[in-house]
$ cat entry21.txt   # compact mmCIF, C-alpha atoms and all ligand atoms
# COMPACT_ATOMS: atom_id res chain seq x y z
CA MET A 15 -23.12 -9.09 8.33
CA THR A 16 -20.35 -7.73 10.51
CA LEU A 17 -17.27 -6.09 9.03
CA SER A 18 -15.07 -8.98 10.10
CA GLN A 19 -17.39 -11.50 8.42
CA GLN A 20 -17.32 -9.50 5.17
CA ASN A 21 -13.54 -9.52 5.08
CA VAL A 22 -13.08 -13.25 5.60
CA SER A 23 -13.94 -15.37 2.57
CA PHE A 24 -15.07 -18.98 2.86
CA LEU A 25 -11.70 -19.99 1.42
CA ASP A 26 -9.87 -18.41 4.33
CA GLU A 27 -8.44 -20.55 7.07
CA GLU A 28 -7.94 -19.21 10.58
CA LEU A 29 -4.97 -20.61 12.50
CA ASP A 30 -3.69 -19.97 16.00
CA ILE A 31 -0.48 -17.92 15.81
CA ARG A 32 1.43 -20.92 17.21
CA SER A 33 0.24 -23.29 14.48
CA PRO A 34 3.28 -25.07 12.97
CA ARG A 35 1.89 -24.25 9.51
CA LEU A 36 2.58 -20.59 10.13
CA ILE A 37 6.27 -21.04 10.98
CA PRO A 38 7.52 -20.50 7.38
CA ILE A 39 5.40 -17.33 7.12
CA ILE A 40 6.27 -15.81 10.48
CA SER A 41 9.99 -16.34 9.88
CA TYR A 42 10.20 -15.92 6.09
CA PRO A 43 12.21 -16.78 4.01
CA HIS A 44 14.62 -18.34 6.53
CA PHE A 45 13.62 -20.07 9.72
CA LEU A 46 15.55 -18.58 12.62
CA GLU A 47 14.34 -19.87 15.96
CA SER A 48 15.09 -16.68 17.90
CA GLU A 49 13.35 -14.53 15.27
CA TYR A 50 10.34 -16.83 15.27
CA LYS A 51 10.04 -16.75 19.07
CA ASP A 52 10.44 -12.95 19.16
CA ARG A 53 7.65 -12.53 16.61
CA ILE A 54 5.27 -14.77 18.58
CA ILE A 55 5.90 -12.65 21.68
CA GLU A 56 5.45 -9.45 19.62
CA MET A 57 2.14 -10.72 18.21
CA GLU A 58 0.95 -11.50 21.72
CA SER A 59 1.94 -8.00 22.83
CA LEU A 60 -0.29 -6.63 20.07
CA GLY A 61 -3.13 -8.90 21.17
CA ILE A 62 -2.97 -10.93 17.96
CA THR A 63 -4.39 -14.39 18.51
CA SER A 64 -4.69 -15.85 15.03
CA ILE A 65 -3.58 -15.47 11.44
CA ILE A 66 -5.98 -16.07 8.59
CA LEU A 67 -4.58 -17.71 5.50
CA GLY A 68 -6.18 -16.42 2.33
CA GLY A 69 -5.38 -14.05 -0.47
CA LYS A 70 -3.87 -13.99 -3.94
CA THR A 71 -0.20 -14.38 -3.04
CA ILE A 72 1.17 -17.86 -2.35
CA VAL A 73 4.17 -18.46 -0.10
CA ASN A 74 5.34 -22.00 0.60
CA GLY A 75 1.92 -23.24 -0.50
CA ALA A 76 0.03 -20.87 1.81
CA HIS A 77 -2.23 -18.07 0.58
CA ILE A 78 -1.46 -14.67 2.08
CA ALA A 79 -2.51 -11.06 1.48
CA GLY A 80 0.76 -9.92 -0.07
CA LYS A 81 4.53 -10.00 -0.18
CA GLY A 82 7.22 -7.44 -0.86
CA CYS A 83 10.96 -7.03 -0.32
CA VAL A 84 10.54 -5.97 3.30
CA GLY A 85 7.50 -7.80 4.52
CA ILE A 86 4.97 -10.59 4.31
CA VAL A 87 1.41 -9.33 4.80
CA VAL A 88 -1.28 -11.56 6.29
CA LYS A 89 -4.77 -11.10 7.65
CA ALA A 90 -4.70 -11.40 11.41
CA LYS A 91 -7.14 -11.23 14.30
CA ALA A 92 -6.76 -9.47 17.60
CA GLY A 93 -9.71 -10.96 19.45
CA SER A 94 -12.56 -10.46 17.00
CA LYS A 95 -10.94 -7.51 15.22
CA LEU A 96 -9.36 -8.10 11.82
CA CYS A 97 -6.21 -6.34 10.72
CA ALA A 98 -3.44 -6.59 8.16
CA LEU A 99 -0.20 -7.69 9.75
CA LYS A 100 3.09 -6.87 8.02
CA ILE A 101 5.85 -9.16 9.24
CA ARG A 102 9.47 -8.14 8.57
CA ARG A 103 11.23 -10.61 6.29
CA THR A 104 14.32 -12.15 7.85
CA ASP A 105 16.28 -11.07 4.74
CA ALA A 106 14.94 -7.48 4.73
CA ASP A 107 17.53 -4.74 4.29
CA ARG A 108 16.62 -3.27 7.70
CA LYS A 109 16.69 -4.51 11.26
CA THR A 110 13.39 -3.03 12.43
CA MET A 111 10.13 -1.58 11.12
CA ASP A 112 10.71 1.64 13.08
CA ASN A 113 11.35 3.96 10.14
CA GLU A 114 8.40 2.67 8.17
CA VAL A 115 6.20 3.18 11.23
CA ARG A 116 7.45 6.76 11.62
CA PHE A 117 6.57 7.57 8.00
CA HIS A 118 3.29 5.66 8.14
CA LYS A 119 2.26 7.78 11.16
CA ILE A 120 2.97 10.99 9.23
CA ALA A 121 0.85 9.70 6.33
CA ASN A 122 -1.99 8.78 8.73
CA SER A 123 -1.80 12.23 10.32
CA THR A 124 -2.91 13.60 6.97
CA CYS A 125 -5.54 10.83 6.58
CA ILE A 126 -3.51 8.84 4.04
CA GLY A 127 -2.84 5.09 4.14
CA PRO A 128 -4.41 2.25 6.13
CA ASN A 129 -4.77 3.21 9.80
CA LEU A 130 -1.84 2.07 11.87
CA GLU A 131 -3.10 -0.05 14.75
CA GLY A 132 0.07 -1.18 16.50
CA HIS A 133 3.70 -1.99 15.93
CA THR A 134 6.71 -3.75 17.36
CA LYS A 135 10.28 -4.26 16.15
CA ASN A 136 9.25 -6.78 13.48
CA LEU A 137 5.54 -6.15 13.00
CA ILE A 138 3.12 -3.50 11.80
CA ALA A 139 -0.58 -4.06 12.48
CA MET A 140 -2.83 -1.86 10.36
CA GLU A 141 -6.27 -1.53 8.88
CA LEU A 142 -6.98 -4.36 6.46
CA VAL A 143 -7.78 -2.91 3.05
CA THR A 144 -10.01 -5.20 1.05
CA GLY A 145 -10.14 -4.40 -2.60
CA GLN A 146 -8.03 -4.77 -5.69
CA SER A 147 -4.60 -3.54 -6.57
CA ILE A 148 -4.94 -0.59 -8.92
CA ILE A 149 -3.66 -2.62 -11.83
CA ASP A 150 -6.30 -5.34 -11.32
CA TRP A 151 -8.95 -2.64 -10.89
CA VAL A 152 -7.97 -0.85 -14.11
CA VAL A 153 -7.57 -4.04 -16.15
CA GLY A 154 -10.38 -6.21 -14.79
CA TYR A 155 -13.01 -3.74 -13.77
CA LYS A 156 -15.18 -2.25 -16.49
CA ALA A 157 -14.52 1.25 -15.29
CA THR A 158 -16.51 4.03 -16.84
CA LYS A 159 -14.73 7.17 -17.90
CA SER A 160 -16.19 9.10 -14.97
CA LYS A 161 -15.22 6.42 -12.39
CA MET A 162 -11.70 6.28 -13.80
CA CYS A 163 -11.46 10.03 -13.67
CA SER A 164 -12.70 10.15 -10.03
CA LEU A 165 -10.18 7.47 -9.05
CA ALA A 166 -7.28 9.29 -10.74
CA ALA A 167 -8.31 12.58 -9.11
CA ALA A 168 -8.66 10.91 -5.67
CA ILE A 169 -5.18 9.36 -5.93
CA LEU A 170 -3.67 12.68 -7.02
CA GLU A 171 -5.45 14.50 -4.14
CA GLN A 172 -3.90 12.06 -1.66
CA CYS A 173 -0.50 12.61 -3.27
CA PHE A 174 -1.01 16.37 -2.93
CA SER A 175 -1.73 15.88 0.81
CA LEU A 176 1.51 13.90 1.15
CA ASP A 177 3.42 16.63 -0.70
CA GLU A 178 1.88 19.21 1.64
CA ALA A 179 2.89 17.11 4.66
CA GLY A 180 6.49 16.97 3.38
CA LEU A 181 6.49 13.17 3.12
CA ASP A 182 7.86 11.68 -0.09
CA HIS A 183 6.50 8.15 -0.54
CA GLY A 184 9.37 7.25 -2.83
CA GLU A 185 7.72 4.56 -4.93
CA LEU A 186 4.68 6.14 -6.50
CA SER A 187 6.15 5.96 -9.97
CA ARG A 188 5.49 2.23 -9.50
CA LEU A 189 1.86 2.84 -8.68
CA THR A 190 0.76 -0.74 -9.50
CA ARG A 191 2.15 -2.10 -6.23
CA HIS A 192 1.29 0.86 -4.05
CA VAL A 193 -2.40 1.59 -4.42
CA ILE A 194 -5.25 -0.68 -3.35
CA VAL A 195 -8.68 0.36 -4.57
CA SER A 196 -11.45 -0.22 -2.03
CA ASP A 197 -14.33 2.19 -1.33
CA LYS A 198 -11.55 4.72 -1.99
CA PRO A 199 -7.94 4.37 -3.09
CA TYR A 200 -5.43 3.55 -0.35
CA ILE A 201 -1.77 4.40 -0.78
CA ILE A 202 0.21 1.67 0.99
CA ASP A 203 3.78 0.81 1.97
CA PHE A 204 5.77 3.70 3.43
CA GLU A 205 9.01 1.74 3.74
CA SER A 206 10.87 3.88 1.18
CA ALA A 207 9.44 7.20 2.35
CA SER A 208 11.47 10.21 3.40
CA THR A 209 10.94 13.55 5.06
CA THR A 210 14.23 14.94 3.76
CA ARG A 211 13.92 14.25 0.01
CA LYS A 212 12.08 16.75 -2.16
CA THR A 213 8.52 15.48 -2.34
CA CYS A 214 7.44 14.24 -5.75
CA ASN A 215 4.30 12.25 -4.94
CA VAL A 216 2.01 14.10 -7.34
CA THR A 217 4.46 14.11 -10.23
CA ALA A 218 5.40 10.42 -9.78
CA ALA A 219 1.78 9.26 -9.52
CA ALA A 220 0.60 11.50 -12.39
CA GLN A 221 3.29 10.09 -14.67
CA SER A 222 2.24 6.55 -13.80
CA LEU A 223 -1.47 7.34 -14.20
CA LEU A 224 -1.40 9.57 -17.24
CA LEU A 225 1.84 9.34 -19.15
CA TYR A 226 3.93 6.17 -19.14
CA GLY A 227 3.48 2.50 -18.43
CA ILE A 228 0.82 -0.14 -18.14
CA ILE A 229 -1.64 1.87 -16.02
CA ALA A 230 -1.36 4.97 -18.21
CA ASN A 231 -2.05 2.84 -21.30
CA LYS A 232 -5.17 1.37 -19.72
CA VAL A 233 -6.31 4.75 -18.42
CA LYS A 234 -5.93 6.12 -21.93
CA LYS A 235 -8.20 3.36 -23.27
CA ILE A 236 -10.86 4.16 -20.66
CA MET A 237 -10.65 7.94 -20.61
CA GLY A 238 -9.58 8.66 -24.17
CA ASN A 239 -6.40 10.41 -25.20
CA THR A 240 -4.83 12.66 -22.62
CA ASP A 241 -3.27 15.86 -23.92
CA LYS A 242 0.24 14.73 -22.97
CA GLU A 243 1.80 18.13 -23.62
CA LYS A 244 -0.76 19.78 -21.32
CA VAL A 245 -0.06 17.23 -18.56
CA ILE A 246 3.71 17.54 -18.92
CA GLN A 247 3.51 21.33 -18.81
CA ALA A 248 1.24 21.27 -15.74
CA LEU A 249 3.58 18.81 -13.99
CA ARG A 250 6.63 20.94 -14.82
CA THR A 251 5.03 24.02 -13.32
CA TYR A 252 3.89 22.11 -10.22
CA LYS A 253 7.35 20.58 -9.81
CA HIS A 254 8.82 24.06 -9.38
CA PHE A 255 6.03 25.49 -7.23
CA HIS A 256 3.93 23.06 -5.19
CA THR A 257 0.87 25.30 -4.97
CA ARG A 258 -2.80 24.35 -4.92
CA ALA A 259 -3.39 26.41 -8.08
CA ASN A 260 -0.65 24.51 -9.92
CA PHE A 261 -2.05 21.22 -8.63
CA ASP A 262 -5.52 22.18 -9.86
CA ALA A 263 -4.04 22.70 -13.32
CA ILE A 264 -2.92 19.05 -13.26
CA LEU A 265 -6.45 17.95 -12.34
CA ARG A 266 -7.80 20.08 -15.19
CA SER A 267 -5.53 18.19 -17.60
CA LEU A 268 -7.50 14.98 -16.87
CA PRO A 269 -9.67 14.18 -19.92
CA ILE A 270 -13.07 14.58 -18.23
N1 LIG B 301 -3.17 -2.76 4.79
C1 LIG B 301 -3.19 -3.71 3.87
N2 LIG B 301 -4.34 -4.37 3.58
C2 LIG B 301 -4.36 -5.35 2.65
N3 LIG B 301 -3.27 -5.75 1.93
C3 LIG B 301 -2.10 -5.13 2.16
C4 LIG B 301 -2.00 -4.08 3.12
N4 LIG B 301 -0.71 -3.63 3.13
C5 LIG B 301 -0.07 -4.37 2.22
N5 LIG B 301 -0.88 -5.29 1.62
C6 LIG B 301 -0.51 -6.26 0.57
O1 LIG B 301 0.79 -6.76 0.83
C7 LIG B 301 1.68 -6.46 -0.26
C8 LIG B 301 3.07 -6.18 0.30
O2 LIG B 301 3.01 -5.07 1.21
P1 LIG B 301 4.07 -3.91 1.14
O3 LIG B 301 3.79 -2.96 2.27
O4 LIG B 301 4.07 -3.30 -0.23
O5 LIG B 301 5.41 -4.71 1.40
P2 LIG B 301 6.93 -4.31 1.11
O6 LIG B 301 7.28 -3.12 1.97
O7 LIG B 301 7.70 -5.52 1.50
O8 LIG B 301 7.05 -3.94 -0.35
C9 LIG B 301 1.03 -5.29 -0.99
O9 LIG B 301 1.39 -5.25 -2.34
C10 LIG B 301 -0.45 -5.59 -0.81
O10 LIG B 301 -0.88 -6.54 -1.77
MG MG B 302 7.53 -2.07 -0.84

$ encode --input "entry21.txt" --output "structure tokens"
Amino acid sequence: MTLSQQNVSFLDEELDIRSPRLIPIISYPHFLESEYKDRIIEMESLGITSIILGGKTIVNGAHIAGKGCVGIVVKAKAGSKLCALKIRRTDADRKTMDNEVRFHKIANSTCIGPNLEGHTKNLIAMELVTGQSIIDWVVGYKATKSKMCSLAAAILEQCFSLDEAGLDHGELSRLTRHVIVSDKPYIIDFESASTTRKTCNVTAAAQSLLLYGIIANKVKKIMGNTDKEKVIQALRTYKHFHTRANFDAILRSLPI
């Protein structure tokens, strides 16, 4: 089975980019003729020939891969190659995807995030990550303690790389929407990132994984009680000095 066959389920429906059924997705949530036409031209410039409906999120009756405040994400095909295509919402609080692309490239340069494959004013084409959002993975998957621990450590390692690269993701305290678990965890969505803010990727993700909120509660059930004081102390020290040794102390606070 080829990679592209694996990533298309029998429920998926492939449509030419000019299919009328895609109009409300390509220009979402408002139809603006000029925006729609621009996006068709931009897709063609990226070599995108079709969009594949399918996925958990439903927009105007159509299944898609995901939706946020900035973009609609669909599976798309450039020739025979599958990708994830993020399409700027017409009501997004920005006029272009340029900043997100700039931050996404920095993340990729340190091997974090889905690989960027192309971009235009309104579109980002990137590696399609097939898997589950971290919250579905933690809740639905019967994770063993050791698998949970490896996942938490892998996410924190990626956050450490982002800290080292000087890129603050900006939304990792809301980890549920920003990590997809596939063969490895993928941190997604660099729209709120910054290279000027103090980086707090490790501390934000560790709080979400180990201390507060729905994921931390689930992680606690799988891994057993975390020594919260130990985690908080390790995070405090790391917050002041972003060193590998201080990061390792956070990893050691995981209940292995
Ligand atoms: N590369 C990808 N592969 C698969 N699904 C993705 C990918 N990128 C984003 N998604 C899905 O689309 C949703 C919205 O994307 P996101 O980048 O978070 O949009 P926004 O910037 O509008 O918040 C995500 O929560 C995820 O479910
Ligand atoms: Mg977002």

$ residues_around --input "entry21.txt" --residues "stretch 241-245 of chain A" --least-positions-apart "5" --cutoff "7 Å" --atoms "all atoms listed in the file" --output "PyMOL selection string"
chain A and resi 225+264+267

$ atom_distance --input "entry21.txt" --atom1 "atom C10 of ligand LIG 301 (chain B)" --atom2 "atom CA of A:Ser48"
26.7 Å

$ residues_near_ligand --input "entry21.txt" --ligand "ligand MG 302 (chain B)" --cutoff "7 Å" --atoms "only C-alpha atoms and all ligand atoms" --output "ChimeraX atom specification"
/A:82-84,203,205

$ residues_near_ligand --input "entry21.txt" --ligand "ligand LIG 301 (chain B)" --cutoff "6 Å" --atoms "all atoms listed in the file" --output "list in words"
Ala79, Gly80, Lys81, Gly82, Cys83, Val84, Gly85, Val87, Ala98, Pro128, Met140, Glu141, Leu142, Val143, Thr144, Arg191, Ile202, Asp203 and Glu205 of chain A

$ residues_around --input "entry21.txt" --residues "A:Leu130" --least-positions-apart "6" --cutoff "9 Å" --atoms "all atoms listed in the file" --output "ChimeraX atom specification"
/A:115,118-119,122,138-141

$ residues_around --input "entry21.txt" --residues "A:Glu171" --least-positions-apart "6" --cutoff "10 Å" --atoms "all atoms listed in the file" --output "list in words"
Leu165, Asp177, Val216, Phe261, Asp262 and Leu265 of chain A

$ atom_distance --input "entry21.txt" --atom1 "atom CA of A:Leu25" --atom2 "atom CA of A:Phe45"
26.6 Å

$ atom_distance --input "entry21.txt" --atom1 "atom CA of A:Asn136" --atom2 "atom CA of A:Cys214"
28.5 Å

$ residues_around --input "entry21.txt" --residues "A:Glu58" --least-positions-apart "4" --cutoff "12 Å" --atoms "only C-alpha atoms" --output "PDB file with C-alpha atoms, in the frame of the given file"
ATOM      1  CA  ASP A  30      -3.690 -19.970  16.000  1.00  0.00           C
ATOM      2  CA  ILE A  31      -0.480 -17.920  15.810  1.00  0.00           C
ATOM      3  CA  ARG A  32       1.430 -20.920  17.210  1.00  0.00           C
ATOM      4  CA  LYS A  51      10.040 -16.750  19.070  1.00  0.00           C
ATOM      5  CA  ASP A  52      10.440 -12.950  19.160  1.00  0.00           C
ATOM      6  CA  ARG A  53       7.650 -12.530  16.610  1.00  0.00           C
ATOM      7  CA  ILE A  54       5.270 -14.770  18.580  1.00  0.00           C
ATOM      8  CA  ILE A  62      -2.970 -10.930  17.960  1.00  0.00           C
ATOM      9  CA  THR A  63      -4.390 -14.390  18.510  1.00  0.00           C
ATOM     10  CA  SER A  64      -4.690 -15.850  15.030  1.00  0.00           C
ATOM     11  CA  ILE A  65      -3.580 -15.470  11.440  1.00  0.00           C
ATOM     12  CA  ALA A  90      -4.700 -11.400  11.410  1.00  0.00           C
ATOM     13  CA  LYS A  91      -7.140 -11.230  14.300  1.00  0.00           C
ATOM     14  CA  ALA A  92      -6.760  -9.470  17.600  1.00  0.00           C
ATOM     15  CA  GLY A  93      -9.710 -10.960  19.450  1.00  0.00           C
ATOM     16  CA  GLY A 132       0.070  -1.180  16.500  1.00  0.00           C
ATOM     17  CA  HIS A 133       3.700  -1.990  15.930  1.00  0.00           C
ATOM     18  CA  THR A 134       6.710  -3.750  17.360  1.00  0.00           C
ATOM     19  CA  LEU A 137       5.540  -6.150  13.000  1.00  0.00           C
ATOM     20  CA  ALA A 139      -0.580  -4.060  12.480  1.00  0.00           C
TER      21      ALA A 139
END

$ closest_residue --input "entry21.txt" --among "A:Ile120, A:Ile39, A:Leu170, A:Cys125" --to "A:Leu189" --atoms "all atoms listed in the file"
A:Leu170

$ residues_near_point --input "entry21.txt" --point "(-10.0, -1.2, -21.8)" --cutoff "8 Å" --atoms "only C-alpha atoms" --output "ChimeraX atom specification"
/A:152-153,156,232-233,235-236

$ closest_residue --input "entry21.txt" --among "A:Gly145, A:Glu28, A:Asn260, A:Thr190" --to "A:Ile228" --atoms "all atoms listed in the file"
A:Thr190
